[in-house]
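Okay, upload17.cif is below, mmCIF, C-alpha atoms:
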data_work
#
loop_
_atom_site.label_atom_id
_atom_site.label_comp_id
_atom_site.auth_asym_id
_atom_site.auth_seq_id
_atom_site.Cartn_x
_atom_site.Cartn_y
_atom_site.Cartn_z
CA MET F 1 -3.75 -85.74 -15.43
CA HIS F 2 -4.99 -82.33 -14.27
CA ASP F 3 -6.76 -83.94 -11.29
CA ALA F 4 -3.63 -85.88 -10.28
CA LEU F 5 -1.69 -82.61 -10.34
CA LEU F 6 -4.27 -81.10 -7.96
CA VAL F 7 -3.71 -84.06 -5.62
CA ILE F 8 0.06 -83.46 -5.76
CA LEU F 9 -0.29 -79.72 -5.14
CA THR F 10 -2.69 -80.27 -2.23
CA THR F 11 -0.34 -82.86 -0.74
CA VAL F 12 2.62 -80.46 -0.95
CA VAL F 13 0.80 -77.78 1.06
CA PRO F 14 2.05 -78.08 4.67
CA VAL F 15 -1.38 -77.62 6.26
CA SER F 16 -3.17 -80.29 4.24
CA GLU F 17 -0.48 -82.78 3.15
CA LEU F 18 -2.03 -86.15 2.34
CA ARG F 19 -4.90 -85.46 4.74
CA GLY F 20 -6.17 -83.14 2.02
CA GLY F 21 -4.73 -84.82 -1.06
CA ILE F 22 -6.35 -88.22 -0.59
CA PRO F 23 -9.93 -86.99 0.04
CA LEU F 24 -9.57 -84.52 -2.82
CA GLY F 25 -8.45 -87.21 -5.25
CA ILE F 26 -11.29 -89.52 -4.22
CA ALA F 27 -13.79 -86.64 -4.52
CA LEU F 28 -12.47 -85.90 -8.02
CA GLY F 29 -13.24 -89.50 -9.00
CA LEU F 30 -9.67 -90.74 -9.40
CA GLU F 31 -8.86 -94.40 -8.78
CA PRO F 32 -8.30 -94.83 -5.01
CA TRP F 33 -5.07 -96.82 -5.42
CA LEU F 34 -3.67 -94.11 -7.74
CA VAL F 35 -4.63 -91.38 -5.28
CA PHE F 36 -2.96 -93.29 -2.44
CA VAL F 37 0.28 -93.87 -4.36
CA VAL F 38 0.50 -90.28 -5.64
CA ALA F 39 -0.30 -88.65 -2.28
CA VAL F 40 1.92 -90.94 -0.19
CA THR F 41 4.87 -90.72 -2.60
CA THR F 42 4.58 -86.94 -2.81
CA ASN F 43 4.32 -86.62 0.96
CA ILE F 44 7.35 -88.87 1.54
CA LEU F 45 9.46 -86.93 -0.95
CA ILE F 46 8.75 -83.71 0.97
CA PHE F 47 11.40 -84.89 3.43
CA PHE F 48 14.32 -84.09 1.13
CA PRO F 49 13.62 -80.46 0.17
CA THR F 50 12.54 -79.72 3.74
CA ARG F 51 15.70 -81.18 5.25
CA LEU F 52 17.89 -79.45 2.65
CA ALA F 53 16.11 -76.13 3.23
CA LEU F 54 16.65 -76.44 6.98
CA SER F 55 20.35 -77.11 6.48
CA TRP F 56 20.68 -74.21 4.06
CA PHE F 57 18.76 -71.83 6.32
CA TYR F 58 20.85 -72.90 9.27
CA LYS F 59 24.11 -72.21 7.46
CA SER F 60 22.95 -69.05 5.68
CA VAL F 61 20.49 -67.42 8.07
CA PHE F 62 20.14 -69.05 11.47
CA THR F 63 23.85 -68.86 12.31
CA ARG F 64 23.61 -65.07 11.92
CA ILE F 65 20.83 -64.80 14.49
CA PRO F 66 22.31 -64.00 17.90
CA HIS F 67 21.95 -66.85 20.39
CA PHE F 68 20.29 -69.21 17.88
CA ASN F 69 22.99 -71.83 18.38
CA ASP F 70 22.50 -71.60 22.16
CA TYR F 71 18.77 -72.15 21.62
CA LEU F 72 19.41 -75.10 19.31
CA VAL F 73 21.77 -76.68 21.86
CA ARG F 74 19.11 -76.28 24.59
CA VAL F 75 16.41 -77.82 22.38
CA ARG F 76 18.63 -80.77 21.53
CA ARG F 77 19.72 -81.25 25.14
CA HIS F 78 16.11 -81.13 26.30
CA GLY F 79 14.92 -83.48 23.54
CA GLU F 80 17.81 -85.93 23.78
CA PRO F 81 16.27 -88.08 26.57
CA LYS F 82 13.05 -88.37 24.56
CA VAL F 83 14.97 -89.27 21.42
CA ARG F 84 16.89 -91.89 23.40
CA LYS F 85 13.65 -93.25 24.87
CA TYR F 86 11.32 -93.14 21.85
CA GLY F 87 13.75 -92.59 18.98
CA LEU F 88 12.69 -93.38 15.47
CA LEU F 89 9.61 -95.26 16.61
CA GLY F 90 8.37 -92.09 18.32
CA LEU F 91 9.06 -90.06 15.19
CA MET F 92 7.25 -92.61 13.04
CA LEU F 93 4.22 -92.64 15.35
CA PHE F 94 4.18 -88.84 15.47
CA VAL F 95 4.05 -88.65 11.66
CA ALA F 96 1.54 -91.52 11.42
CA VAL F 97 -1.18 -89.67 13.32
CA PRO F 98 -3.11 -87.81 10.60
CA LEU F 99 -3.85 -84.65 12.57
CA PRO F 100 -2.90 -81.04 11.93
CA ILE F 101 0.78 -80.33 12.74
CA THR F 102 1.69 -84.03 12.64
CA GLY F 103 3.04 -84.98 9.25
CA ALA F 104 6.08 -85.18 7.03
CA TYR F 105 6.98 -81.50 7.35
CA THR F 106 6.80 -81.39 11.13
CA GLY F 107 8.45 -84.80 11.47
CA THR F 108 11.32 -83.66 9.27
CA VAL F 109 11.74 -80.41 11.21
CA LEU F 110 11.61 -82.34 14.48
CA SER F 111 14.24 -84.82 13.30
CA TRP F 112 16.49 -81.93 12.23
CA LEU F 113 15.98 -80.00 15.46
CA LEU F 114 16.82 -83.06 17.54
CA ALA F 115 19.84 -83.90 15.36
CA MET F 116 18.53 -87.32 14.37
CA GLU F 117 20.52 -89.09 11.65
CA TRP F 118 18.85 -88.16 8.35
CA LYS F 119 18.77 -91.60 6.69
CA ARG F 120 17.11 -93.30 9.65
CA SER F 121 14.76 -90.38 10.25
CA PHE F 122 13.76 -90.49 6.57
CA ILE F 123 12.76 -94.14 6.98
CA ALA F 124 10.76 -93.28 10.12
CA VAL F 125 9.02 -90.38 8.38
CA ALA F 126 8.32 -92.52 5.29
CA ILE F 127 6.77 -95.34 7.34
CA GLY F 128 4.75 -92.78 9.29
CA VAL F 129 3.47 -91.24 6.05
CA VAL F 130 2.42 -94.65 4.73
CA CYS F 131 0.55 -95.36 7.99
CA ALA F 132 -1.14 -91.94 7.89
CA GLY F 133 -2.03 -92.53 4.24
CA ILE F 134 -3.68 -95.84 5.10
CA ILE F 135 -5.66 -94.23 7.92
CA VAL F 136 -6.79 -91.32 5.73
CA MET F 137 -7.64 -93.63 2.83
CA LEU F 138 -9.70 -95.95 5.04
CA ALA F 139 -11.50 -93.00 6.63
CA THR F 140 -12.16 -91.41 3.24
CA MET F 141 -13.41 -94.64 1.71
CA GLY F 142 -15.60 -95.25 4.76
CA VAL F 143 -17.17 -91.81 4.40
CA VAL F 144 -17.67 -92.40 0.68
CA SER F 145 -19.25 -95.82 1.37
CA ILE F 146 -21.59 -94.39 4.00
CA ALA F 147 -22.57 -91.51 1.69
CA THR F 148 -23.45 -93.90 -1.14
CA LEU F 149 -25.69 -95.97 1.17
CA SER F 150 -27.86 -92.94 1.93
#
Structure translated into structure tokens:
Amino acid sequence: MHDALLVILTTVVPVSELRGGIPLGIALGLEPWLVFVVAVTTNILIFFPTRLALSWFYKSVFTRIPHFNDYLVRVRRHGEPKVRKYGLLGLMLFVAVPLPITGAYTGTVLSWLLAMEWKRSFIAVAIGVVCAGIIVMLATMGVVSIATLS
């Protein structure tokens, strides 16, 4: 139970997300399927507190910053053609690439900044997280398999 909690805590950290949680869980000797489910579920659920925090900060803090609304309008106007062109598929692919700064947190912030509808952007982020989880799991298991052959 303690090890699963470490996986959850590592997955919640914005820098590591499931890119850190899955290898950690495997290294701790947890069942790979359990590690995958825990890390992916935790990473998907990050969407809700992040989106709520952005909305709260916008209403409570950002609206008090001079010219923030002008900046937000410019960002949305500039991003709107890309959202129209790539939309939710682009968001999903962005989240699916398991690299630093591409994950559930950044995907959620991006969807908020570009005023994407939250329900559909949640689905795109969730699918992206599952794809990233599969990639990280396969890479981790491949490294583990290679290490055991040596």
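From CA of Thr140 in chain F back to CA of Val97 in chain F, the distance works out to 15.0 Å.
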Carefully work through the PyMOL selection byres ((chain F and resi 100-105) around 9) for this structure and note down the residues it includes, as a ChimeraX atom specification.
/F:14-19,43-47,50-51,94-99,106-110,125-126,128-129,132
Using all atoms listed in the file, which of F:Gly133, F:Trp56, F:Gly142, F:Ile127 sits nearest Trp33 in chain F?
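Closest residue, counting all atoms listed in the file: F:Gly133.
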From the options F:Leu114, F:Leu89, F:Val7, F:Val37, which residue's atoms come nearest to Arg76 in chain F, counting all atoms listed in the file?
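The shortest atom-to-atom distance to Arg76 in chain F comes from F:Leu114.
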From the set F:Gly21, F:Leu88, F:Leu52, F:Ile65, which residue has the shortest atom-to-atom contact distance to Arg120 in chain F, counting only C-alpha atoms?
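Closest to Arg120 in chain F of all the choices is F:Leu88.
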List as a PyMOL selection string the protein and nucleic acid residues near Gly87 in chain F, meaning an atom at most 10 Å away when all atoms listed in the file are counted, but skip any in the same chain fewer than 2 places from it.
chain F and resi 80-85+89-92+111+116+120-121+124
Within 12 Å of Val38 in chain F, counting all atoms listed in the file, which residues show up once you throw out same-chain ones fewer than 2 positions away? Write them as a VMD selection string, please.
chain F and resid 1 3 to 12 17 to 18 21 to 22 24 to 26 30 to 36 40 to 45 130 133
Just to confirm, what's the straight-line distance from CA of Val75 in chain F to CA of Leu113 in chain F in Å (one decimal)?
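CA of Leu113 in chain F lies at a distance of 7.3 Å from CA of Val75 in chain F.
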Report, in Å with one decimal, the straight-line distance from CA of Glu117 in chain F to CA of Asn69 in chain F.
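Distance between the two atoms: 18.7 Å.
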Which of these, F:Met137, F:Ala27, F:Ala115, F:Ser60, has the shortest distance to His78 in chain F once you count all atoms listed in the file?
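Result for the nearest residue to His78 in chain F: F:Ala115.
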